[in-house]
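Trainee: Below is the structure I would like to discuss, written out as C-alpha cells.
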Amino acid sequence: MDTRTFIFIAAFLSLLFAAPALSQGWTPSFSANPSTPALFMAVDMGRQRAFLVRNKDGELNKIKHMPCTTGMRGGGKLLEGDRKTPEGVYFLEGKATGGLDFDLFGNTAYPLNYPNPVDRIQGKTGNGIMIHGRGRSFGPRQTLGCVVLENDDVDTLDRHVRINATPIVIAESVSLTGKAGPPPEIVLGTWGWIKARERRENAFFEIYDPVRFEKSSNMSFARFRQKTLQEFASAEWVDIRIENLQVLQGPDYMVSVFAQRTFPHGEQGWRRLYWMRQVELWKIVGEEWIPQNLGGSVDYAQLVGKEIRERLRECAQAWDKGDLKTLLRTYDRTGSRNGAQGREAIAASLERDKAAKKKNPYSAEPKVRVTKQGVEANLLTDGHSRTILFLPGAFNTWLIARDEAAKQP
C-alpha cells in the first residue's frame, strides 16, 4: 500500500468513527404565521444563545438576546445522566425562588416539562431539567442538561413569559426565516378535536393513535376511553371556548396549545395536544391538561345571549331572502323541526312553510336562557310560541338541535 492510499484510508476512517460524536441536532425553522406563538423562547445550543422571539406584523423579531450554557455533550437528551440538554418544545411548569443553592442555580429556577409525552414515547429518561441562573460566570456547554442564563436574565424572565403557556424551543440551531407555516392539518385537527369532544362522538377517539398514546400516558387506551365516556356522561352538553391557539414544530412531532374554557360549568386551563404522523395522517399521541385560572370573568349567559340573537338574525335574513340552503345549514344534521327529524325532513318542512307564506319564524325578539339541555331561545309570533334549542357547532358557532312551535292557549 503506497503512502497516499494509506493517508486517504486513515482520513476516511477517522471521519467515519468521529461522525457519531459530532452533534447533528435538530434545526427547526419558524415563520411569521398566524398560528406561530405571539411570543416564544428559542435556545440555540450551537451558538449558546437564547432569544425571546416576538411574532408581530408579519415578522419574527428577537426582542431579547441572552448568553446561555447547555449540556456538556451535544445532541438531544436521551437518557438520565447523559449530560445532554433535551431538544424539542417545552413549557415552564413553575418558578422556584427559595431554598436554591446560589452558586449552582442563582436566584431563580424554572422547571421544564421534560420528558414531555413524545419524549416518553421515544423512551427518553431523566428529570429535573430547568432554566436557571448561576452564582458564578460560565462558559459554553457546562451543564448536566439544564439551560443556564445570566442571573439578571433569568430573574427578569417572567416579565415576558407565562408559566404553562409560553413555548420554550430548544434545538441545535434555530432559524426564524422559514417560509412555510405549521401544517394546516394541525389547526384543523385541533378544531376537529374540540367539535368531536363537544358532540361526544365516537369519532373523537379516532383522532388518537392508541399505541403511542398508551406509551405517553402510561394508561391503556381502553381505560382512557372509559374515563372520557364517563366525563361525557356527566353533562348533557358542553361548549368549549379556546384562546391563543398556537402550533409549534418539534422533532418529528407538532404541538398545538391553547387556553381552554369549558362552559357551562366553567372548567379552565391550558391544553396541549401532541401530534405525530401515522402513515399520512396526523394523530394525537399525547396530551397535557393543566387546570389554571385564566383570569378575567366571563358572563356566559350574556355572551351566548348575544351570539344566539345574532344567529337568529342570520336565520331571519335567510328566510326573507328565500335562501333555504343557508337556513338549513343552521340546523344540526340530527336536529328536528316541528317533529321533522334530520336534514332532509327539515328541508321539506322549511319549504312547506315558505310556500304557505308563513310569517318569518325567526324574526321575533327572543328570550334566551342556558338550560341543562342547551341554550334555549323562546319567541312569540302571531300568537304562536316557538322554542328553539341550540347546541355548540364548529368554530364557536351554534346549531339548532330542536325547533318546535306551539299554539298559544
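Going through the C-alpha cells in order, the chains are called A, B, and so on, while each chain numbers its residues from 1 and the ligands are numbered from 1 in the order shown.
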Check stretch 163-306 of chain A with DSSP on the backbone and list each residue it calls alpha helix (DSSP H), as a PyMOL selection string.
Mentor: chain A and resi 184-199+203-206+210-217+221-233+300-306
Trainee: Which residues, written as a PyMOL selection string, have at least one atom at most 10 Å from A:Thr85, with only C-alpha atoms counted and residues fewer than 3 positions away on the same chain left out?
Mentor: chain A and resi 45+69-78+82+88+129-130+141+143-147+170-172
Trainee: Pull C-alpha atoms from the residues just selected and write them as a compact mmCIF listing (two decimals), in the first residue's frame.
Mentor:
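Output file out.txt follows:
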```txt
# COMPACT_ATOMS: atom_id res chain seq x y z
CA MET A 45 -27.39 25.33 21.56
CA THR A 69 -24.78 27.40 28.55
CA THR A 70 -26.25 23.94 27.95
CA GLY A 71 -25.32 20.27 28.36
CA MET A 72 -21.69 19.18 28.29
CA ARG A 73 -22.46 16.71 25.50
CA GLY A 74 -24.08 17.73 22.25
CA GLY A 75 -27.24 16.31 20.71
CA GLY A 76 -30.66 15.94 22.29
CA LYS A 77 -31.05 14.26 25.66
CA LEU A 78 -31.82 10.53 25.54
CA ASP A 82 -26.11 11.58 29.72
CA GLY A 88 -37.91 19.83 21.47
CA ILE A 129 -34.33 19.86 33.57
CA MET A 130 -34.63 23.59 34.29
CA ARG A 141 -21.60 23.68 27.38
CA THR A 143 -24.29 21.95 32.48
CA LEU A 144 -25.56 18.45 33.18
CA GLY A 145 -28.59 19.13 30.93
CA CYS A 146 -30.19 22.36 32.14
CA VAL A 147 -30.19 25.69 30.31
CA ILE A 170 -34.56 24.04 22.41
CA ALA A 171 -32.55 22.97 19.36
CA GLU A 172 -29.04 22.71 18.00
```
Trainee: What's around stretch 33-39 of chain A at 9 Å? Count only C-alpha atoms, leave out sequence neighbours fewer than 4 positions away in its own chain, and write the answer as a PyMOL selection string.
Mentor: chain A and resi 52-56+58-59+160-161+166-167+179-182+187+244-248
Trainee: Please list as a PyMOL selection string every residue within 12 Å of A:Asp155, counting only C-alpha atoms and excluding residues in the same chain fewer than 2 positions away.
Mentor: chain A and resi 95-97+105-110+131-134+148-153+157-161
Trainee: Set the distance at 10 Å and use only C-alpha atoms: which residues neighbour A:Gln122 once local chain neighbours fewer than 2 positions away are removed? I'd like the list as a VMD selection string.
Mentor: chain A and resid 78 115 117 to 120 124 to 125 212 215 to 216
Trainee: I want to know what sits within 6 Å of stretch 280-289 of chain A, based on only C-alpha atoms, with residues of the same chain fewer than 4 positions away left out; could you give that as a PDB file with C-alpha atoms, in the first residue's frame?
Mentor:
```pdb
ATOM      1  CA  PRO A 117     -45.399  12.974  26.077  1.00  0.00           C
ATOM      2  CA  ILE A 207     -58.233  11.293  16.312  1.00  0.00           C
ATOM      3  CA  TYR A 208     -55.816   9.425  18.591  1.00  0.00           C
ATOM      4  CA  ASP A 209     -53.029   6.930  17.933  1.00  0.00           C
ATOM      5  CA  ARG A 212     -48.402   5.761  21.085  1.00  0.00           C
ATOM      6  CA  PHE A 213     -50.947   7.326  23.434  1.00  0.00           C
ATOM      7  CA  SER A 216     -47.096   8.655  26.535  1.00  0.00           C
ATOM      8  CA  TRP A 270     -54.134  25.087  29.349  1.00  0.00           C
ATOM      9  CA  ARG A 271     -54.426  22.186  26.911  1.00  0.00           C
ATOM     10  CA  ARG A 272     -51.540  20.752  24.888  1.00  0.00           C
ATOM     11  CA  LEU A 273     -52.077  18.206  22.142  1.00  0.00           C
ATOM     12  CA  TYR A 274     -49.042  16.348  20.762  1.00  0.00           C
ATOM     13  CA  TRP A 275     -49.337  15.111  17.167  1.00  0.00           C
ATOM     14  CA  MET A 276     -47.298  12.608  15.159  1.00  0.00           C
TER      15      MET A 276
END
```
Trainee: Mind checking DSSP for stretch 227-295 of chain A and telling me the strand (DSSP E or B) residues as an NGL selection string?
Mentor: :A and (239-250 or 253-263 or 267-278 or 281-291)
Trainee: Point out the residue among A:Asn378, A:Asn113, A:Ser297, A:Gln249 with the least atom-to-atom distance to A:Ile186, counting only C-alpha atoms.
Mentor: A:Gln249
Trainee: If you measure from atom CA of A:Gly25 to atom CA of A:Met66, what distance in Å do you get, rounded to one decimal?
Mentor: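 The value is 20.7 Å.
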Trainee: If I take atom CA of A:Pro210 and atom CA of A:Pro111, how far is one from the other in Å, to one decimal?
Mentor: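 One can read the atom CA of A:Pro210 to atom CA of A:Pro111 distance as 28.9 Å.
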Trainee: With a distance cut-off of 6 Å and only C-alpha atoms, select the neighbouring residues of A:Leu312, excluding the residue or stretch itself and same-chain residues fewer than 3 positions from it, and output the selection as number ranges by chain.
Mentor: A: 309, 315, 362
Trainee: Which one of A:His265, A:Lys195, A:Lys62, A:Lys358 sits closest to A:Lys372 if you count only C-alpha atoms?
Mentor: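 Answer, going by the shortest atom-to-atom distance: A:His265.
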Trainee: Have a look at A:Tyr90, A:Phe30, A:Tyr331, A:Phe221 and name the one nearest to A:Ile163; count only C-alpha atoms.
Mentor: A:Tyr90
Trainee: For the atom pair atom CA of A:Arg241 and atom CA of A:Phe263, what is the interatomic distance in Å to one decimal place?
Mentor: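 If I compute the distance from atom CA of A:Arg241 to atom CA of A:Phe263, I get 7.9 Å.
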